[in-house]
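Asks: Mind having a look at this structure? Questions to follow.
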Amino acid sequence: MLELRDVSIQIEGDDGPRLLLDAVSARFRPGEFWAVIGPSGCGKSTLIKTVAGLLENTAGAIFWRGRDLDKEGDFSVGELAYVPQFSIAHESLTVDESVGYAVRLRVAGLSATERKARREKVLRETGLTPFADRPVRVLSGGQRRRLALALELISDPAILLCDEVTSGLDPRSEDEIVALLAGLAHDANRLVLSVTHSLRQAELYDGVAVLFQGRLVFLGKGNELTDYFGIAHHEGVFNRLADYEPEQWATVWRRYAAEVAAALEGIGEVREEPPAEAGAEDKSDETKEEA
Ligand SMILES: Nc1ncnc2c1ncn2[C@@H]1O[C@H](COP(=O)(O)OP(=O)(O)O)[C@@H](O)[C@H]1O
Ligand SMILES: [Mg+2]
């Protein structure tokens with residue numbers, strides 16, 4: 001599990017300190033596909049760059065498989081991949097060559113046969129096999145995004161972070177990439193966090209995280225999102241956010257999340273025996289870790 005516990009980023013602005021992220025707490029499990037949404041400038045890129053270790057949180061902590069990434073060691077090599085909003089590839093190389101070079105550069109100790117197998121696997125995973133011999137310069141927008149993903153999938157990462165990989169695509173290509181990302185999560189037990197401006201295919205996501213001016217204001221399933229915000233359609237969420245201040249939304253969200261957590265705790269635990277001692281230590285804060 002990936003857990004963010006009160007993650008904040010404070011910078012020195014022109015008129016004093018400014019929080020780019022304000023005590024963001026969230027849990028994401030392997031095999032889940034999440035959308036990260038919110039108005040422009042709300043901190044989406046900041047959030048995933050922080051998870052990727054490209055930005056350093058000034059408060060709070062990030063845990064992966066129960067390990068505090070700052071104190072107990074970072075992600076291991078290849079465990080995490082990050083696809084930035086604008087990725088670059090060599091225009092004159094073919095798709096196959098691009099992936100081939102990336103395999104050589106990024107994965108040490110493979111034999112030629114293993115490198116070939118790795119190359120073919122990521123081409124297959126990203127649907128690029130039929131375009132393997134094409135030069136990058138003739139690829140469509142959607143094919144370029146597939147290539148950007150392929151280059152990051154070489155290490156078979158357990159976490160894949162994507163920043164607006166569907167922006168600027170036509171709706172059909174966008175749908176295809178979102179479906180591809182869902183498969184990359186579900187078929188490989190991989191956690192995929194995808195920053196997006198669009199919830200066109202909300203049903204493909206296991207969850208949606210909503211950020212508003214650096215605050216987390218919702219975390220849950222797409223159908224819960226519409227209920228929670230009292231809106232008819234997902235697209236209404238940004239307008240709805242404008243009805244209250246970010247801090248108000250964040251406060252309401254924290255209260256709601258705490259209530260849901262308390263209710264779930266009651267359902268999940270069936271005590272066979274009463275606790276050994278009254279007032280036994282409260283373990284509700286401990287991280288429950290999966291294998
Ligand atoms: N290094 C930085 N220094 C100062 N402000 C920054 C920095 N990076 C981002 N910001 C500001 O932080 C806010 C969040 O940015 P960002 O995470 O890129 O938003 P989003 O991806 O949601 O559009 C914006 O107001 C942006 O101007
Ligand atoms: Mg951004």
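Going by the structure tokens order, chains are called A, B, ..., each with residues numbered from 1, while ligands are numbered from 1 in the order shown.
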Determine, using only C-alpha atoms and all ligand atoms, which residues of chain A have any atom at most 9 Å from an atom of ligand 2, and tabulate each with its shortest atom pair and distance in Å to one decimal place, rows ordered by chain and then rising number, as a tab-separated table.
Replies:
```
residue	atom	partner	partner_atom_place_in_ligand_line	distance
A:Ser40	CA	ligand 2	1 (Mg)	7.0
A:Gly41	CA	ligand 2	1 (Mg)	6.7
A:Cys42	CA	ligand 2	1 (Mg)	8.2
A:Gly43	CA	ligand 2	1 (Mg)	6.9
A:Lys44	CA	ligand 2	1 (Mg)	5.5
A:Ser45	CA	ligand 2	1 (Mg)	4.1
A:Thr46	CA	ligand 2	1 (Mg)	7.2
A:Gln85	CA	ligand 2	1 (Mg)	7.5
A:Asp163	CA	ligand 2	1 (Mg)	6.7
A:Glu164	CA	ligand 2	1 (Mg)	7.2
A:Val195	CA	ligand 2	1 (Mg)	7.6
A:Thr196	CA	ligand 2	1 (Mg)	8.7
```
Asks: Name the residues in contact with A:Val107 at a cut-off of 10 Å, using only C-alpha atoms, excluding same-chain residues fewer than 5 positions from it; report them as a list of chain:residue names.
Replies: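 The neighbour list is A:Val77, A:Gly78, A:Ala102, A:Arg115, A:Arg118, A:Ile154, A:Ser155.
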Asks: Taking into account only C-alpha atoms, which residue in the set A:Ala261, A:Ala179, A:Val83, A:Ala132 is nearest to A:Glu152?
Replies: A:Val83
Asks: Find the spatial neighbours of A:Phe86, counting only C-alpha atoms, within a cut-off of 12 Å - ignore same-chain residues fewer than 4 positions away - and output them as a list of chain:residue names.
Replies: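 My reading of the contact set: A:Tyr82, A:Gly141, A:Arg144, A:Arg145, A:Ala148, A:Leu149, A:Cys162, A:Asp163, A:Glu164, A:Val165, A:Thr166, A:Ser167, A:Gly168.
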Asks: I'd like a table as JSON lines: residues in stretch 182-223 of chain A with an atom no more than 12 Å from stretch 21-30 of chain A, each row giving the shortest atom pair and its distance in Å to one decimal, only C-alpha atoms counted, sorted by chain and rising residue number.
Replies:
```
{"residue": "A:Leu184", "atom": "CA", "partner": "A:Pro30", "partner_atom": "CA", "distance": 11.1}
{"residue": "A:Ala185", "atom": "CA", "partner": "A:Pro30", "partner_atom": "CA", "distance": 7.8}
{"residue": "A:His186", "atom": "CA", "partner": "A:Pro30", "partner_atom": "CA", "distance": 8.7}
{"residue": "A:Asp187", "atom": "CA", "partner": "A:Pro30", "partner_atom": "CA", "distance": 10.8}
{"residue": "A:Ala188", "atom": "CA", "partner": "A:Pro30", "partner_atom": "CA", "distance": 8.9}
{"residue": "A:Asn189", "atom": "CA", "partner": "A:Pro30", "partner_atom": "CA", "distance": 5.4}
{"residue": "A:Arg190", "atom": "CA", "partner": "A:Pro30", "partner_atom": "CA", "distance": 5.1}
{"residue": "A:Leu191", "atom": "CA", "partner": "A:Pro30", "partner_atom": "CA", "distance": 4.6}
{"residue": "A:Val192", "atom": "CA", "partner": "A:Pro30", "partner_atom": "CA", "distance": 8.2}
{"residue": "A:Leu193", "atom": "CA", "partner": "A:Phe28", "partner_atom": "CA", "distance": 8.8}
{"residue": "A:Asp206", "atom": "CA", "partner": "A:Phe28", "partner_atom": "CA", "distance": 9.9}
{"residue": "A:Gly207", "atom": "CA", "partner": "A:Phe28", "partner_atom": "CA", "distance": 9.0}
{"residue": "A:Val208", "atom": "CA", "partner": "A:Phe28", "partner_atom": "CA", "distance": 10.7}
{"residue": "A:Ala209", "atom": "CA", "partner": "A:Ala26", "partner_atom": "CA", "distance": 8.7}
{"residue": "A:Val210", "atom": "CA", "partner": "A:Val24", "partner_atom": "CA", "distance": 10.8}
{"residue": "A:Leu211", "atom": "CA", "partner": "A:Val24", "partner_atom": "CA", "distance": 9.1}
{"residue": "A:Phe212", "atom": "CA", "partner": "A:Leu21", "partner_atom": "CA", "distance": 9.5}
{"residue": "A:Gln213", "atom": "CA", "partner": "A:Leu21", "partner_atom": "CA", "distance": 7.7}
{"residue": "A:Gly214", "atom": "CA", "partner": "A:Leu21", "partner_atom": "CA", "distance": 4.1}
{"residue": "A:Arg215", "atom": "CA", "partner": "A:Asp22", "partner_atom": "CA", "distance": 5.3}
{"residue": "A:Leu216", "atom": "CA", "partner": "A:Val24", "partner_atom": "CA", "distance": 5.6}
{"residue": "A:Val217", "atom": "CA", "partner": "A:Val24", "partner_atom": "CA", "distance": 9.1}
{"residue": "A:Phe218", "atom": "CA", "partner": "A:Ala26", "partner_atom": "CA", "distance": 9.7}
{"residue": "A:Leu219", "atom": "CA", "partner": "A:Ala26", "partner_atom": "CA", "distance": 7.6}
{"residue": "A:Gly220", "atom": "CA", "partner": "A:Ala26", "partner_atom": "CA", "distance": 10.2}
```
Asks: Interatomic distance between atom 13 (C, counted along the ligand's line) of ligand 1 and atom CA of A:Val51?
Replies: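 Calculated distance between atom 13 (C, counted along the ligand's line) of ligand 1 and atom CA of A:Val51 is 15.7 Å.
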Asks: Name the residues of stretch 38-78 of chain A that come out as helix (DSSP H, G or I) in a backbone DSSP run; write them as a VMD selection string.
Replies: chain A and resid 44 to 52
Asks: Between atom CA of A:Gln143 and atom CA of A:Gly127, what is the distance, to one decimal in Å?
Replies: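 Separating atom CA of A:Gln143 from atom CA of A:Gly127 is a distance of 8.7 Å.
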Asks: As a list in words, please: every residue in stretch 83-216 of chain A that DSSP puts in strand (DSSP E).
Replies: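 Here is the list: Val83, Ile159, Leu160, Leu161, Cys162, Asp163, Leu191, Val192, Leu193, Ser194, Val195, Gly207, Val208, Ala209, Val210, Leu211, Phe212, Arg215 and Leu216 of chain A.
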Asks: Using only C-alpha atoms and all ligand atoms, can you tell me which of A:Asp96, A:Glu176, A:Glu56, A:Glu203 comes closest to ligand 1?
Replies: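 Counting only C-alpha atoms and all ligand atoms, the residue closest to ligand 1 is A:Glu56.
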Asks: Atom CA of A:Arg137 to atom CA of A:Lys121: how many Å, to one decimal?
Replies: 22.5 Å
Asks: Of the candidates A:Ala35, A:Lys49, A:Ser98, A:Glu3, which shows the shortest atom-to-atom distance to ligand 1, using only C-alpha atoms and all ligand atoms?
Replies: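 Counting only C-alpha atoms and all ligand atoms, the residue closest to ligand 1 is A:Lys49.
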Asks: Choose the residue, out of A:Pro84, A:Gly230, A:Pro130, A:Gly31, that has the smallest atom-to-atom separation from A:Tyr205; count only C-alpha atoms.
Replies: A:Gly31
Asks: Which residue out of A:Leu55, A:Leu20, A:Ile9, A:Leu204 has the minimum interatomic distance to ligand 1 when only C-alpha atoms and all ligand atoms are used?
Replies: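 Answer, going by the shortest atom-to-atom distance: A:Leu20.
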